[in-house]
Amino acid sequence: MKKIILDMDVGIDDTLAIAYLLAHRDVELIGITTVFGNVKTETSLKNSLAVLELFGREDVPVFLGNTCVLTSDTAFIPHEIAYRIHGQNGIGNLELPEPKRSAESMPAVDFILESAQKYGEDLILIPTGPLTNIAQAILRDEEAMKGIGNITFMGGALTVQGNVTPYAEANIYADPEAAKVVLESEVSTTMVGLDVTLRAHIGNDAIRSWGDLNSRKSQIINAMAKYYFTFEYNDPDNLGGAIHDPLAVEAALHPESIRQFLPINLTVETQGPTRGRTVSTMEKLREKKTRTQVCLNLDGETFVKRFADTIREIIR
Ligand code: BDR
Ligand code: CA
């Protein structure tokens, strides 16, 4: 059975990615490691615990990750826009009960490395926030990280515009130096960037159908989704929009939904106005193995239907 670690800045679409993953009983979520981005790392941790509790999955351990970007010792401050899209508390300003559990005492990066050594190619990392924890794991033990199955991350934009600057996507922009370490390493990665997430469009009916169920889970998930799609896309009467983070779960578990992969070696620009842009290294590839598969196109209809139906089932 594949072992999965979600590395996240929880976040409303991160929450939907947790729910989507939990519905897949043929893989094992062995832990959630937390990072800053949409919120501070401590808030991501609290949200992870609360969301797991909502789904009755207190068996999944949660780990505190980095609070600062790779090249700084100052705690990351989330951008005002992130607070607007995900709410001040990251989960649409909904009040979930105070989690009964706390984080594991082991730091997130130690857990990632321990799991890499233990599970090797059966381990898949799915980061849906800045890549700081993953970069640190690679800097500490690239050999162990090279042995894992894949890092399937949501982030980047290769063929389309960014969403925080014309060049950069939010997760990469938050810590470009970390993303550069990950992409330039020899670890196999799959990039689920805006190239495909912007084609994964969920509509009004699917979101509203989650709210028709009478369970507590459905009320909460529906309210979060409404908040997110209202503030992300500014049209409360016609809710809908791109589903970023759950598509990384899809690419890891149902790669057949991705219609086109581009094998390429990538790096990240860290200077000037293009800071945070994911670009080709322009290497001569003849003798080199390509490290990254960029998802370029997808069967959006199949994914969105599977996603909407699966969420509906798990919140019933
Ligand atoms: C990414 O940024 C965050 O707001 C989302 O959670 C997603 O991971 C999209 O650019
Ligand atoms: Ca995220």
# chains A, B, ... in the order shown; residues from 1 in each chain; ligands from 1

$ residues_around --residues "A:Asn265" --least-positions-apart "2" --cutoff "9 Å" --atoms "only C-alpha atoms" --output "VMD selection string"
chain A and resid 183 to 184 263 267 279 to 283 285 289 to 293

$ residues_near_ligand --ligand "ligand 2" --cutoff "9 Å" --atoms "only C-alpha atoms and all ligand atoms" --output "VMD selection string"
chain A and resid 7 to 15 17 37 to 38 127 to 130 154 to 155 170 to 171 244 to 245

$ write_last_selection --atoms "all heavy atoms" --output "compact mmCIF listing (two decimals), in the first residue's frame"
# COMPACT_ATOMS: atom_id res chain seq x y z
N ASP A 7 1.98 17.70 2.85
CA ASP A 7 2.74 18.79 3.45
C ASP A 7 2.00 20.07 3.08
O ASP A 7 1.96 20.45 1.91
CB ASP A 7 4.17 18.78 2.89
CG ASP A 7 5.04 19.83 3.55
OD1 ASP A 7 5.55 19.57 4.65
OD2 ASP A 7 5.20 20.93 2.96
N MET A 8 1.41 20.77 4.08
CA MET A 8 0.39 21.75 3.72
C MET A 8 0.38 23.03 4.55
O MET A 8 0.77 23.05 5.71
CB MET A 8 -1.01 21.15 3.90
CG MET A 8 -1.16 19.72 3.54
SD MET A 8 -2.86 19.18 3.75
CE MET A 8 -3.33 19.06 2.04
N ASP A 9 -0.20 24.07 3.92
CA ASP A 9 -0.47 25.35 4.58
C ASP A 9 -2.00 25.48 4.69
O ASP A 9 -2.61 26.27 3.98
CB ASP A 9 0.14 26.52 3.79
CG ASP A 9 -0.35 26.59 2.35
OD1 ASP A 9 -0.79 25.55 1.81
OD2 ASP A 9 -0.32 27.69 1.76
N VAL A 10 -2.60 24.70 5.55
CA VAL A 10 -4.07 24.53 5.55
C VAL A 10 -4.82 25.80 5.93
O VAL A 10 -4.76 26.23 7.07
CB VAL A 10 -4.45 23.40 6.56
CG1 VAL A 10 -5.93 23.09 6.50
CG2 VAL A 10 -3.59 22.15 6.30
N GLY A 11 -5.58 26.40 5.18
CA GLY A 11 -6.02 26.53 3.80
C GLY A 11 -7.32 25.76 3.47
O GLY A 11 -7.51 24.63 3.88
N ILE A 12 -8.22 26.46 2.71
CA ILE A 12 -9.48 25.80 2.35
C ILE A 12 -9.27 24.74 1.27
O ILE A 12 -9.79 23.63 1.40
CB ILE A 12 -10.56 26.84 1.94
CG1 ILE A 12 -10.90 27.75 3.14
CG2 ILE A 12 -11.83 26.12 1.45
CD1 ILE A 12 -11.88 28.86 2.88
N ASP A 13 -8.53 25.05 0.21
CA ASP A 13 -8.38 23.99 -0.80
C ASP A 13 -7.46 22.88 -0.29
O ASP A 13 -7.58 21.73 -0.69
CB ASP A 13 -7.97 24.52 -2.18
CG ASP A 13 -6.65 25.24 -2.20
OD1 ASP A 13 -6.26 25.83 -1.17
OD2 ASP A 13 -5.99 25.24 -3.26
N ASP A 14 -6.57 23.22 0.67
CA ASP A 14 -5.77 22.18 1.34
C ASP A 14 -6.73 21.25 2.11
O ASP A 14 -6.55 20.03 2.12
CB ASP A 14 -4.77 22.81 2.32
CG ASP A 14 -3.86 23.82 1.65
OD1 ASP A 14 -4.31 24.95 1.41
OD2 ASP A 14 -2.72 23.48 1.33
N THR A 15 -7.72 21.85 2.80
CA THR A 15 -8.71 21.05 3.55
C THR A 15 -9.44 20.10 2.60
O THR A 15 -9.65 18.92 2.92
CB THR A 15 -9.74 21.99 4.24
OG1 THR A 15 -9.04 22.79 5.18
CG2 THR A 15 -10.83 21.22 4.94
N ALA A 17 -8.29 18.94 -0.10
CA ALA A 17 -7.32 17.91 -0.51
C ALA A 17 -7.21 16.83 0.58
O ALA A 17 -7.11 15.64 0.27
CB ALA A 17 -5.96 18.52 -0.80
N GLY A 37 2.11 29.73 4.71
CA GLY A 37 1.71 30.07 3.32
C GLY A 37 0.40 30.82 3.40
O GLY A 37 0.37 32.02 3.63
N ASN A 38 -0.70 30.08 3.29
CA ASN A 38 -2.02 30.71 3.44
C ASN A 38 -2.17 31.28 4.84
O ASN A 38 -2.89 32.25 5.07
CB ASN A 38 -3.13 29.68 3.23
CG ASN A 38 -3.18 29.16 1.81
OD1 ASN A 38 -2.95 29.91 0.86
ND2 ASN A 38 -3.48 27.88 1.66
N PRO A 127 3.06 17.89 -1.43
CA PRO A 127 3.08 19.24 -0.85
C PRO A 127 2.09 20.15 -1.57
O PRO A 127 2.04 20.16 -2.79
CB PRO A 127 4.52 19.73 -1.12
CG PRO A 127 5.27 18.53 -1.63
CD PRO A 127 4.25 17.64 -2.25
N THR A 128 1.32 20.89 -0.79
CA THR A 128 0.36 21.83 -1.40
C THR A 128 0.55 23.24 -0.83
O THR A 128 -0.38 24.03 -0.80
CB THR A 128 -1.10 21.36 -1.16
OG1 THR A 128 -1.34 21.36 0.26
CG2 THR A 128 -1.35 19.97 -1.71
N GLY A 129 1.77 23.49 -0.37
CA GLY A 129 2.12 24.83 0.13
C GLY A 129 3.55 25.11 -0.31
O GLY A 129 4.10 24.38 -1.14
N PRO A 130 4.19 26.13 0.25
CA PRO A 130 5.61 26.38 -0.06
C PRO A 130 6.47 25.16 0.25
O PRO A 130 6.15 24.38 1.16
CB PRO A 130 5.95 27.57 0.86
CG PRO A 130 4.63 28.24 1.09
CD PRO A 130 3.60 27.16 1.12
N MET A 154 1.63 20.79 -5.64
CA MET A 154 0.87 21.84 -6.27
C MET A 154 1.70 23.11 -6.19
O MET A 154 2.05 23.58 -5.11
CB MET A 154 -0.48 22.07 -5.55
CG MET A 154 -1.46 22.99 -6.30
SD MET A 154 -1.08 24.73 -6.18
CE MET A 154 -1.20 25.28 -7.86
N GLY A 155 1.99 23.66 -7.36
CA GLY A 155 2.75 24.90 -7.39
C GLY A 155 3.30 25.14 -8.78
O GLY A 155 3.39 24.22 -9.59
N ALA A 170 1.60 31.27 -6.19
CA ALA A 170 1.72 31.58 -4.76
C ALA A 170 2.65 30.66 -3.98
O ALA A 170 3.48 31.13 -3.18
CB ALA A 170 0.33 31.57 -4.11
N ASN A 171 2.55 29.35 -4.15
CA ASN A 171 3.36 28.44 -3.33
C ASN A 171 4.85 28.59 -3.63
O ASN A 171 5.69 28.46 -2.73
CB ASN A 171 2.94 26.98 -3.55
CG ASN A 171 1.58 26.69 -2.93
OD1 ASN A 171 1.14 27.40 -2.03
ND2 ASN A 171 0.91 25.66 -3.42
N HIS A 244 -7.24 23.90 -6.80
CA HIS A 244 -5.80 23.70 -6.92
C HIS A 244 -5.31 22.43 -6.20
O HIS A 244 -4.84 21.48 -6.82
CB HIS A 244 -5.03 24.89 -6.34
CG HIS A 244 -5.37 26.19 -6.99
ND1 HIS A 244 -5.01 26.49 -8.28
CD2 HIS A 244 -6.01 27.29 -6.52
CE1 HIS A 244 -5.41 27.71 -8.58
NE2 HIS A 244 -6.02 28.22 -7.53
N ASP A 245 -5.35 22.46 -4.87
CA ASP A 245 -4.65 21.43 -4.10
C ASP A 245 -5.19 20.00 -4.29
O ASP A 245 -4.38 19.06 -4.38
CB ASP A 245 -4.62 21.81 -2.61
CG ASP A 245 -3.77 23.06 -2.37
OD1 ASP A 245 -2.99 23.41 -3.28
OD2 ASP A 245 -3.88 23.66 -1.29

$ residues_around --residues "A:Val60" --least-positions-apart "3" --cutoff "7 Å" --atoms "only C-alpha atoms" --output "PyMOL selection string"
chain A and resi 29-31+57

$ residues_around --residues "A:Thr278" --least-positions-apart "3" --cutoff "12 Å" --atoms "only C-alpha atoms" --output "CSV table (one decimal) with all heavy atoms, in the first residue's frame"
chain,number,residue,atom,x,y,z
A,155,GLY,N,2.0,23.7,-7.4
A,155,GLY,CA,2.8,24.9,-7.4
A,155,GLY,C,3.3,25.1,-8.8
A,155,GLY,O,3.4,24.2,-9.6
A,156,GLY,N,3.7,26.4,-9.0
A,156,GLY,CA,4.3,26.7,-10.3
A,156,GLY,C,3.4,27.1,-11.4
A,156,GLY,O,2.2,26.8,-11.4
A,157,ALA,N,4.0,27.6,-12.5
A,157,ALA,CA,3.2,28.0,-13.7
A,157,ALA,C,4.2,28.0,-14.8
A,157,ALA,O,5.2,28.8,-14.7
A,157,ALA,CB,2.6,29.3,-13.5
A,158,LEU,N,4.1,27.1,-15.7
A,158,LEU,CA,5.1,27.0,-16.8
A,158,LEU,C,4.6,27.7,-18.1
A,158,LEU,O,5.3,28.4,-18.7
A,158,LEU,CB,5.5,25.5,-17.1
A,158,LEU,CG,6.6,25.4,-18.1
A,158,LEU,CD1,7.9,25.8,-17.4
A,158,LEU,CD2,6.8,23.9,-18.5
A,159,THR,N,3.4,27.4,-18.5
A,159,THR,CA,2.8,27.9,-19.8
A,159,THR,C,1.8,28.9,-19.6
A,159,THR,O,1.2,29.4,-20.6
A,159,THR,CB,2.2,26.7,-20.5
A,159,THR,OG1,1.2,26.1,-19.7
A,159,THR,CG2,3.3,25.6,-20.9
A,160,VAL,N,1.5,29.3,-18.3
A,160,VAL,CA,0.4,30.3,-18.1
A,160,VAL,C,1.0,31.3,-17.1
A,160,VAL,O,2.0,31.1,-16.5
A,160,VAL,CB,-0.8,29.6,-17.5
A,160,VAL,CG1,-1.5,28.6,-18.4
A,160,VAL,CG2,-0.5,28.9,-16.1
A,161,GLN,N,0.2,32.4,-16.9
A,161,GLN,CA,0.6,33.5,-16.0
A,161,GLN,C,0.6,33.0,-14.6
A,161,GLN,O,-0.2,32.1,-14.3
A,161,GLN,CB,-0.3,34.6,-16.1
A,161,GLN,CG,-0.1,35.6,-17.2
A,161,GLN,CD,-0.6,37.0,-16.9
A,161,GLN,OE1,-1.2,37.2,-15.9
A,161,GLN,NE2,-0.4,37.9,-17.8
A,162,GLY,N,1.3,33.6,-13.7
A,162,GLY,CA,1.3,33.4,-12.3
A,162,GLY,C,0.0,33.9,-11.7
A,162,GLY,O,-0.8,34.6,-12.4
A,166,PRO,N,2.8,38.4,-12.5
A,166,PRO,CA,2.5,37.8,-13.8
A,166,PRO,C,3.4,36.5,-14.1
A,166,PRO,O,3.1,35.7,-14.9
A,166,PRO,CB,3.0,38.9,-14.8
A,166,PRO,CG,2.8,40.1,-14.0
A,166,PRO,CD,3.1,39.8,-12.5
A,167,TYR,N,4.4,36.3,-13.2
A,167,TYR,CA,5.3,35.2,-13.5
A,167,TYR,C,5.2,34.1,-12.4
A,167,TYR,O,5.6,32.9,-12.7
A,167,TYR,CB,6.8,35.7,-13.4
A,167,TYR,CG,7.0,36.8,-14.4
A,167,TYR,CD1,7.1,38.1,-14.0
A,167,TYR,CD2,7.1,36.5,-15.8
A,167,TYR,CE1,7.2,39.2,-14.9
A,167,TYR,CE2,7.3,37.6,-16.7
A,167,TYR,CZ,7.4,38.9,-16.2
A,167,TYR,OH,7.5,39.9,-17.1
A,168,ALA,N,4.7,34.4,-11.2
A,168,ALA,CA,4.9,33.5,-10.1
A,168,ALA,C,3.6,33.0,-9.5
A,168,ALA,O,2.6,33.8,-9.3
A,168,ALA,CB,5.8,34.1,-9.0
A,169,GLU,N,3.5,31.7,-9.2
A,169,GLU,CA,2.4,31.1,-8.5
A,169,GLU,C,2.7,31.2,-7.0
A,169,GLU,O,3.8,31.2,-6.6
A,169,GLU,CB,2.3,29.6,-9.0
A,169,GLU,CG,1.2,28.8,-8.3
A,169,GLU,CD,1.5,28.3,-7.0
A,169,GLU,OE1,2.7,28.1,-6.7
A,169,GLU,OE2,0.6,28.2,-6.2
A,170,ALA,N,1.6,31.3,-6.2
A,170,ALA,CA,1.7,31.6,-4.8
A,170,ALA,C,2.7,30.7,-4.0
A,170,ALA,O,3.5,31.1,-3.2
A,170,ALA,CB,0.3,31.6,-4.1
A,171,ASN,N,2.5,29.4,-4.1
A,171,ASN,CA,3.4,28.4,-3.3
A,171,ASN,C,4.9,28.6,-3.6
A,171,ASN,O,5.7,28.5,-2.7
A,171,ASN,CB,2.9,27.0,-3.5
A,171,ASN,CG,1.6,26.7,-2.9
A,171,ASN,OD1,1.1,27.4,-2.0
A,171,ASN,ND2,0.9,25.7,-3.4
A,172,ILE,N,5.2,28.8,-4.9
A,172,ILE,CA,6.6,29.0,-5.3
A,172,ILE,C,7.1,30.4,-4.8
A,172,ILE,O,8.2,30.5,-4.3
A,172,ILE,CB,6.8,28.8,-6.8
A,172,ILE,CG1,6.2,27.4,-7.2
A,172,ILE,CG2,8.3,28.9,-7.2
A,172,ILE,CD1,6.9,26.2,-6.7
A,173,TYR,N,6.2,31.3,-5.0
A,173,TYR,CA,6.6,32.7,-4.7
A,173,TYR,C,6.9,32.9,-3.2
A,173,TYR,O,7.8,33.7,-2.8
A,173,TYR,CB,5.5,33.7,-5.1
A,173,TYR,CG,5.8,35.1,-5.0
A,173,TYR,CD1,6.7,35.7,-6.0
A,173,TYR,CD2,5.3,35.9,-4.0
A,173,TYR,CE1,7.0,37.1,-5.9
A,173,TYR,CE2,5.6,37.3,-4.0
A,173,TYR,CZ,6.4,37.8,-4.9
A,173,TYR,OH,6.8,39.2,-4.8
A,176,PRO,N,10.9,30.9,-3.0
A,176,PRO,CA,11.5,30.5,-4.3
A,176,PRO,C,12.8,29.7,-4.1
A,176,PRO,O,13.1,28.8,-4.8
A,176,PRO,CB,11.8,31.8,-5.0
A,176,PRO,CG,10.9,32.8,-4.3
A,176,PRO,CD,10.7,32.4,-2.9
A,177,GLU,N,13.6,30.1,-3.0
A,177,GLU,CA,14.9,29.4,-2.8
A,177,GLU,C,14.6,27.9,-2.5
A,177,GLU,O,15.4,27.0,-2.9
A,177,GLU,CB,15.7,30.1,-1.7
A,177,GLU,CG,16.4,31.4,-2.1
A,177,GLU,CD,15.5,32.6,-2.2
A,177,GLU,OE1,14.3,32.5,-1.8
A,177,GLU,OE2,15.9,33.6,-2.8
A,179,ALA,N,12.0,26.1,-3.4
A,179,ALA,CA,11.5,25.4,-4.6
A,179,ALA,C,12.6,25.1,-5.5
A,179,ALA,O,12.7,24.1,-6.2
A,179,ALA,CB,10.4,26.3,-5.3
A,180,LYS,N,13.6,26.0,-5.6
A,180,LYS,CA,14.8,25.9,-6.4
A,180,LYS,C,15.6,24.6,-6.0
A,180,LYS,O,16.0,23.8,-6.8
A,180,LYS,CB,15.6,27.1,-6.4
A,180,LYS,CG,16.8,27.2,-7.3
A,180,LYS,CD,17.4,28.6,-7.2
A,180,LYS,CE,18.9,28.6,-7.6
A,180,LYS,NZ,19.1,28.6,-9.1
A,182,VAL,N,14.5,22.1,-4.4
A,182,VAL,CA,13.7,20.8,-4.7
A,182,VAL,C,13.8,20.5,-6.2
A,182,VAL,O,14.1,19.4,-6.6
A,182,VAL,CB,12.2,21.0,-4.3
A,182,VAL,CG1,11.4,19.8,-4.7
A,182,VAL,CG2,12.1,21.2,-2.8
A,183,LEU,N,13.6,21.5,-7.0
A,183,LEU,CA,13.5,21.2,-8.5
A,183,LEU,C,14.9,20.9,-9.0
A,183,LEU,O,15.0,20.2,-10.0
A,183,LEU,CB,12.9,22.4,-9.2
A,183,LEU,CG,11.4,22.5,-9.0
A,183,LEU,CD1,10.8,23.8,-9.6
A,183,LEU,CD2,10.6,21.3,-9.6
A,184,GLU,N,15.9,21.5,-8.5
A,184,GLU,CA,17.3,21.2,-9.0
A,184,GLU,C,17.9,19.9,-8.4
A,184,GLU,O,18.9,19.5,-8.8
A,184,GLU,CB,18.2,22.4,-8.7
A,184,GLU,CG,17.9,23.6,-9.6
A,184,GLU,CD,18.9,24.7,-9.4
A,184,GLU,OE1,19.8,24.6,-8.7
A,184,GLU,OE2,18.7,25.8,-10.1
A,191,MET,N,5.0,18.3,-11.2
A,191,MET,CA,4.5,19.6,-11.0
A,191,MET,C,3.0,19.7,-11.4
A,191,MET,O,2.7,19.6,-12.6
A,191,MET,CB,5.4,20.6,-11.7
A,191,MET,CG,4.8,22.1,-11.5
A,191,MET,SD,6.0,23.3,-12.2
A,191,MET,CE,5.0,24.2,-13.2
A,192,VAL,N,2.2,20.0,-10.4
A,192,VAL,CA,0.8,20.2,-10.7
A,192,VAL,C,0.6,21.7,-10.5
A,192,VAL,O,0.3,22.2,-9.4
A,192,VAL,CB,-0.1,19.4,-9.7
A,192,VAL,CG1,-1.6,19.6,-10.0
A,192,VAL,CG2,0.3,17.9,-9.7
A,193,GLY,N,0.8,22.5,-11.5
A,193,GLY,CA,0.8,23.9,-11.4
A,193,GLY,C,-0.5,24.5,-12.0
A,193,GLY,O,-1.4,23.8,-12.3
A,194,LEU,N,-0.4,25.9,-12.1
A,194,LEU,CA,-1.6,26.6,-12.7
A,194,LEU,C,-1.9,26.1,-14.1
A,194,LEU,O,-3.1,26.3,-14.5
A,194,LEU,CB,-1.4,28.1,-12.6
A,194,LEU,CG,-1.1,28.7,-11.2
A,194,LEU,CD1,-0.8,30.2,-11.4
A,194,LEU,CD2,-2.3,28.4,-10.3
A,195,ASP,N,-0.9,25.6,-14.8
A,195,ASP,CA,-1.2,25.0,-16.1
A,195,ASP,C,-2.4,24.1,-16.2
A,195,ASP,O,-3.1,24.1,-17.1
A,195,ASP,CB,0.1,24.3,-16.6
A,195,ASP,CG,1.3,25.0,-16.4
A,195,ASP,OD1,1.9,25.0,-15.3
A,195,ASP,OD2,1.7,25.7,-17.4
A,264,ILE,N,10.9,17.4,-18.1
A,264,ILE,CA,11.7,18.6,-18.2
A,264,ILE,C,12.5,18.8,-16.9
A,264,ILE,O,12.1,18.3,-15.9
A,264,ILE,CB,10.8,19.9,-18.5
A,264,ILE,CG1,11.6,21.1,-18.8
A,264,ILE,CG2,9.9,20.1,-17.3
A,264,ILE,CD1,10.7,22.3,-19.2
A,265,ASN,N,13.7,19.5,-17.1
A,265,ASN,CA,14.4,19.9,-15.9
A,265,ASN,C,14.1,21.3,-15.6
A,265,ASN,O,14.3,22.2,-16.4
A,265,ASN,CB,15.9,19.6,-16.0
A,265,ASN,CG,16.2,18.2,-15.9
A,265,ASN,OD1,15.4,17.4,-15.4
A,265,ASN,ND2,17.4,17.8,-16.5
A,266,LEU,N,13.6,21.6,-14.4
A,266,LEU,CA,13.2,23.0,-14.0
A,266,LEU,C,14.1,23.6,-13.0
A,266,LEU,O,14.7,22.9,-12.2
A,266,LEU,CB,11.8,22.9,-13.5
A,266,LEU,CG,10.6,22.6,-14.4
A,266,LEU,CD1,9.3,22.6,-13.6
A,266,LEU,CD2,10.5,23.6,-15.5
A,267,THR,N,14.1,24.9,-12.9
A,267,THR,CA,14.6,25.6,-11.8
A,267,THR,C,13.7,26.8,-11.5
A,267,THR,O,12.6,26.9,-12.1
A,267,THR,CB,16.1,26.1,-12.2
A,267,THR,OG1,16.6,26.8,-11.0
A,267,THR,CG2,16.1,27.1,-13.3
A,268,VAL,N,14.1,27.6,-10.5
A,268,VAL,CA,13.2,28.7,-10.2
A,268,VAL,C,14.0,30.0,-10.2
A,268,VAL,O,15.1,30.0,-9.7
A,268,VAL,CB,12.6,28.5,-8.7
A,268,VAL,CG1,11.8,29.7,-8.3
A,268,VAL,CG2,11.8,27.2,-8.7
A,269,GLU,N,13.5,31.1,-10.8
A,269,GLU,CA,14.2,32.3,-10.8
A,269,GLU,C,14.0,33.0,-9.4
A,269,GLU,O,12.9,32.9,-8.8
A,269,GLU,CB,13.6,33.2,-11.9
A,269,GLU,CG,13.9,32.6,-13.2
A,269,GLU,CD,13.6,33.5,-14.4
A,269,GLU,OE1,13.0,34.5,-14.3
A,269,GLU,OE2,14.1,33.1,-15.5
A,270,THR,N,15.1,33.5,-8.9
A,270,THR,CA,15.0,34.1,-7.5
A,270,THR,C,15.3,35.6,-7.5
A,270,THR,O,15.3,36.2,-6.4
A,270,THR,CB,16.1,33.3,-6.6
A,270,THR,OG1,17.3,33.4,-7.2
A,270,THR,CG2,15.7,31.9,-6.4
A,274,THR,N,10.9,38.6,-12.0
A,274,THR,CA,10.5,37.3,-12.3
A,274,THR,C,10.7,36.3,-11.2
A,274,THR,O,10.5,35.1,-11.3
A,274,THR,CB,11.1,36.7,-13.6
A,274,THR,OG1,12.6,36.7,-13.4
A,274,THR,CG2,10.8,37.5,-14.8
A,275,ARG,N,11.1,36.8,-10.0
A,275,ARG,CA,11.3,36.0,-8.8
A,275,ARG,C,10.1,35.1,-8.6
A,275,ARG,O,8.9,35.5,-8.6
A,275,ARG,CB,11.5,36.9,-7.6
A,275,ARG,CG,11.7,36.2,-6.3
A,275,ARG,CD,12.1,37.2,-5.2
A,275,ARG,NE,12.0,36.6,-3.9
A,275,ARG,CZ,12.8,35.7,-3.3
A,275,ARG,NH1,13.9,35.4,-3.9
A,275,ARG,NH2,12.6,35.3,-2.1
A,281,THR,N,15.7,24.7,-17.1
A,281,THR,CA,17.1,24.9,-16.9
A,281,THR,C,17.9,25.1,-18.2
A,281,THR,O,19.1,25.5,-18.2
A,281,THR,CB,17.8,23.7,-16.1
A,281,THR,OG1,17.6,22.6,-16.9
A,281,THR,CG2,17.3,23.6,-14.7
A,292,THR,N,11.7,16.2,-13.6
A,292,THR,CA,10.3,16.6,-13.4
A,292,THR,C,9.4,16.3,-14.5
A,292,THR,O,9.7,16.4,-15.7
A,292,THR,CB,10.3,18.2,-13.1
A,292,THR,OG1,11.2,18.4,-12.0
A,292,THR,CG2,9.0,18.7,-12.8
A,294,VAL,N,5.9,17.8,-15.8
A,294,VAL,CA,5.0,18.9,-15.6
A,294,VAL,C,3.6,18.5,-16.2
A,294,VAL,O,3.6,18.1,-17.4
A,294,VAL,CB,5.5,20.2,-16.3
A,294,VAL,CG1,4.4,21.3,-16.2
A,294,VAL,CG2,6.8,20.7,-15.6

$ select_by_dssp --residues "stretch 90-189 of chain A" --states "strand (DSSP E or B)" --output "PyMOL selection string"
chain A and resi 123-127+150-154+189

$ write_last_selection --atoms "C-alpha atoms" --output "mmCIF file, in the first residue's frame"
data_model
loop_
_atom_site.group_PDB
_atom_site.id
_atom_site.type_symbol
_atom_site.label_atom_id
_atom_site.label_comp_id
_atom_site.auth_asym_id
_atom_site.auth_seq_id
_atom_site.Cartn_x
_atom_site.Cartn_y
_atom_site.Cartn_z
ATOM 1 C CA LEU A 123 6.342 6.888 -0.171
ATOM 2 C CA ILE A 124 4.702 9.760 -2.056
ATOM 3 C CA LEU A 125 4.937 13.309 -0.762
ATOM 4 C CA ILE A 126 2.135 15.655 -1.742
ATOM 5 C CA PRO A 127 3.083 19.240 -0.854
ATOM 6 C CA ASN A 150 7.691 10.898 -6.033
ATOM 7 C CA ILE A 151 7.032 14.423 -4.836
ATOM 8 C CA THR A 152 3.755 15.471 -6.462
ATOM 9 C CA PHE A 153 3.435 19.148 -5.601
ATOM 10 C CA MET A 154 0.870 21.844 -6.272
ATOM 11 C CA THR A 189 8.924 15.468 -8.942
#

$ atom_distance --atom1 "atom 7 (C, counted along the ligand's line) of ligand 1" --atom2 "atom CA of A:Asp309"
21.2 Å

$ residues_around --residues "A:Asp237" --least-positions-apart "6" --cutoff "12 Å" --atoms "only C-alpha atoms" --output "compact mmCIF listing (two decimals) with all heavy atoms, in the first residue's frame"
# COMPACT_ATOMS: atom_id res chain seq x y z
N GLY A 203 -18.12 23.76 -10.54
CA GLY A 203 -19.24 24.70 -10.71
C GLY A 203 -20.14 24.77 -9.49
O GLY A 203 -20.01 24.00 -8.53
N ASN A 204 -21.05 25.73 -9.58
CA ASN A 204 -22.04 26.04 -8.57
C ASN A 204 -22.81 24.81 -8.06
O ASN A 204 -22.92 24.61 -6.85
CB ASN A 204 -23.05 26.97 -9.27
CG ASN A 204 -23.62 27.99 -8.35
OD1 ASN A 204 -23.29 28.00 -7.16
ND2 ASN A 204 -24.48 28.83 -8.85
N ASP A 205 -23.29 24.00 -8.99
CA ASP A 205 -24.18 22.90 -8.61
C ASP A 205 -23.47 21.90 -7.70
O ASP A 205 -24.03 21.45 -6.70
CB ASP A 205 -24.69 22.15 -9.85
CG ASP A 205 -25.57 23.05 -10.68
OD1 ASP A 205 -25.91 24.16 -10.18
OD2 ASP A 205 -25.91 22.66 -11.82
N ILE A 207 -20.89 22.39 -5.76
CA ILE A 207 -20.63 22.96 -4.43
C ILE A 207 -21.92 23.00 -3.61
O ILE A 207 -21.96 22.60 -2.45
CB ILE A 207 -20.01 24.36 -4.55
CG1 ILE A 207 -18.66 24.26 -5.26
CG2 ILE A 207 -19.86 25.01 -3.18
CD1 ILE A 207 -18.10 25.57 -5.75
N ARG A 208 -22.99 23.46 -4.26
CA ARG A 208 -24.26 23.53 -3.52
C ARG A 208 -24.75 22.14 -3.11
O ARG A 208 -25.37 21.98 -2.06
CB ARG A 208 -25.32 24.25 -4.36
CG ARG A 208 -25.06 25.74 -4.39
CD ARG A 208 -26.22 26.53 -4.93
NE ARG A 208 -25.75 27.86 -5.34
CZ ARG A 208 -25.54 28.86 -4.53
NH1 ARG A 208 -25.74 28.72 -3.25
NH2 ARG A 208 -25.09 30.03 -4.99
N LYS A 226 -17.92 27.72 0.07
CA LYS A 226 -18.61 28.96 -0.31
C LYS A 226 -17.73 30.16 -0.05
O LYS A 226 -17.62 31.08 -0.85
CB LYS A 226 -19.90 29.12 0.50
CG LYS A 226 -21.09 28.45 -0.11
CD LYS A 226 -22.31 28.93 0.66
CE LYS A 226 -23.55 28.22 0.23
NZ LYS A 226 -24.58 28.30 1.26
N PHE A 229 -14.71 30.15 -2.64
CA PHE A 229 -15.03 30.47 -4.02
C PHE A 229 -15.64 31.87 -4.14
O PHE A 229 -15.54 32.50 -5.18
CB PHE A 229 -15.94 29.39 -4.64
CG PHE A 229 -15.17 28.12 -4.90
CD1 PHE A 229 -15.38 26.97 -4.16
CD2 PHE A 229 -14.18 28.08 -5.88
CE1 PHE A 229 -14.65 25.81 -4.39
CE2 PHE A 229 -13.44 26.92 -6.12
CZ PHE A 229 -13.67 25.79 -5.38
N THR A 230 -16.23 32.40 -3.06
CA THR A 230 -16.74 33.76 -3.09
C THR A 230 -15.57 34.74 -3.12
O THR A 230 -15.52 35.64 -3.96
CB THR A 230 -17.59 34.07 -1.84
OG1 THR A 230 -18.64 33.13 -1.79
CG2 THR A 230 -18.14 35.48 -1.88
N PHE A 231 -14.59 34.54 -2.23
CA PHE A 231 -13.52 35.53 -2.12
C PHE A 231 -12.44 35.34 -3.17
O PHE A 231 -11.75 36.28 -3.52
CB PHE A 231 -12.96 35.55 -0.70
CG PHE A 231 -13.94 36.18 0.24
CD1 PHE A 231 -14.76 35.40 1.03
CD2 PHE A 231 -14.08 37.56 0.27
CE1 PHE A 231 -15.70 35.98 1.86
CE2 PHE A 231 -15.03 38.15 1.10
CZ PHE A 231 -15.83 37.34 1.90
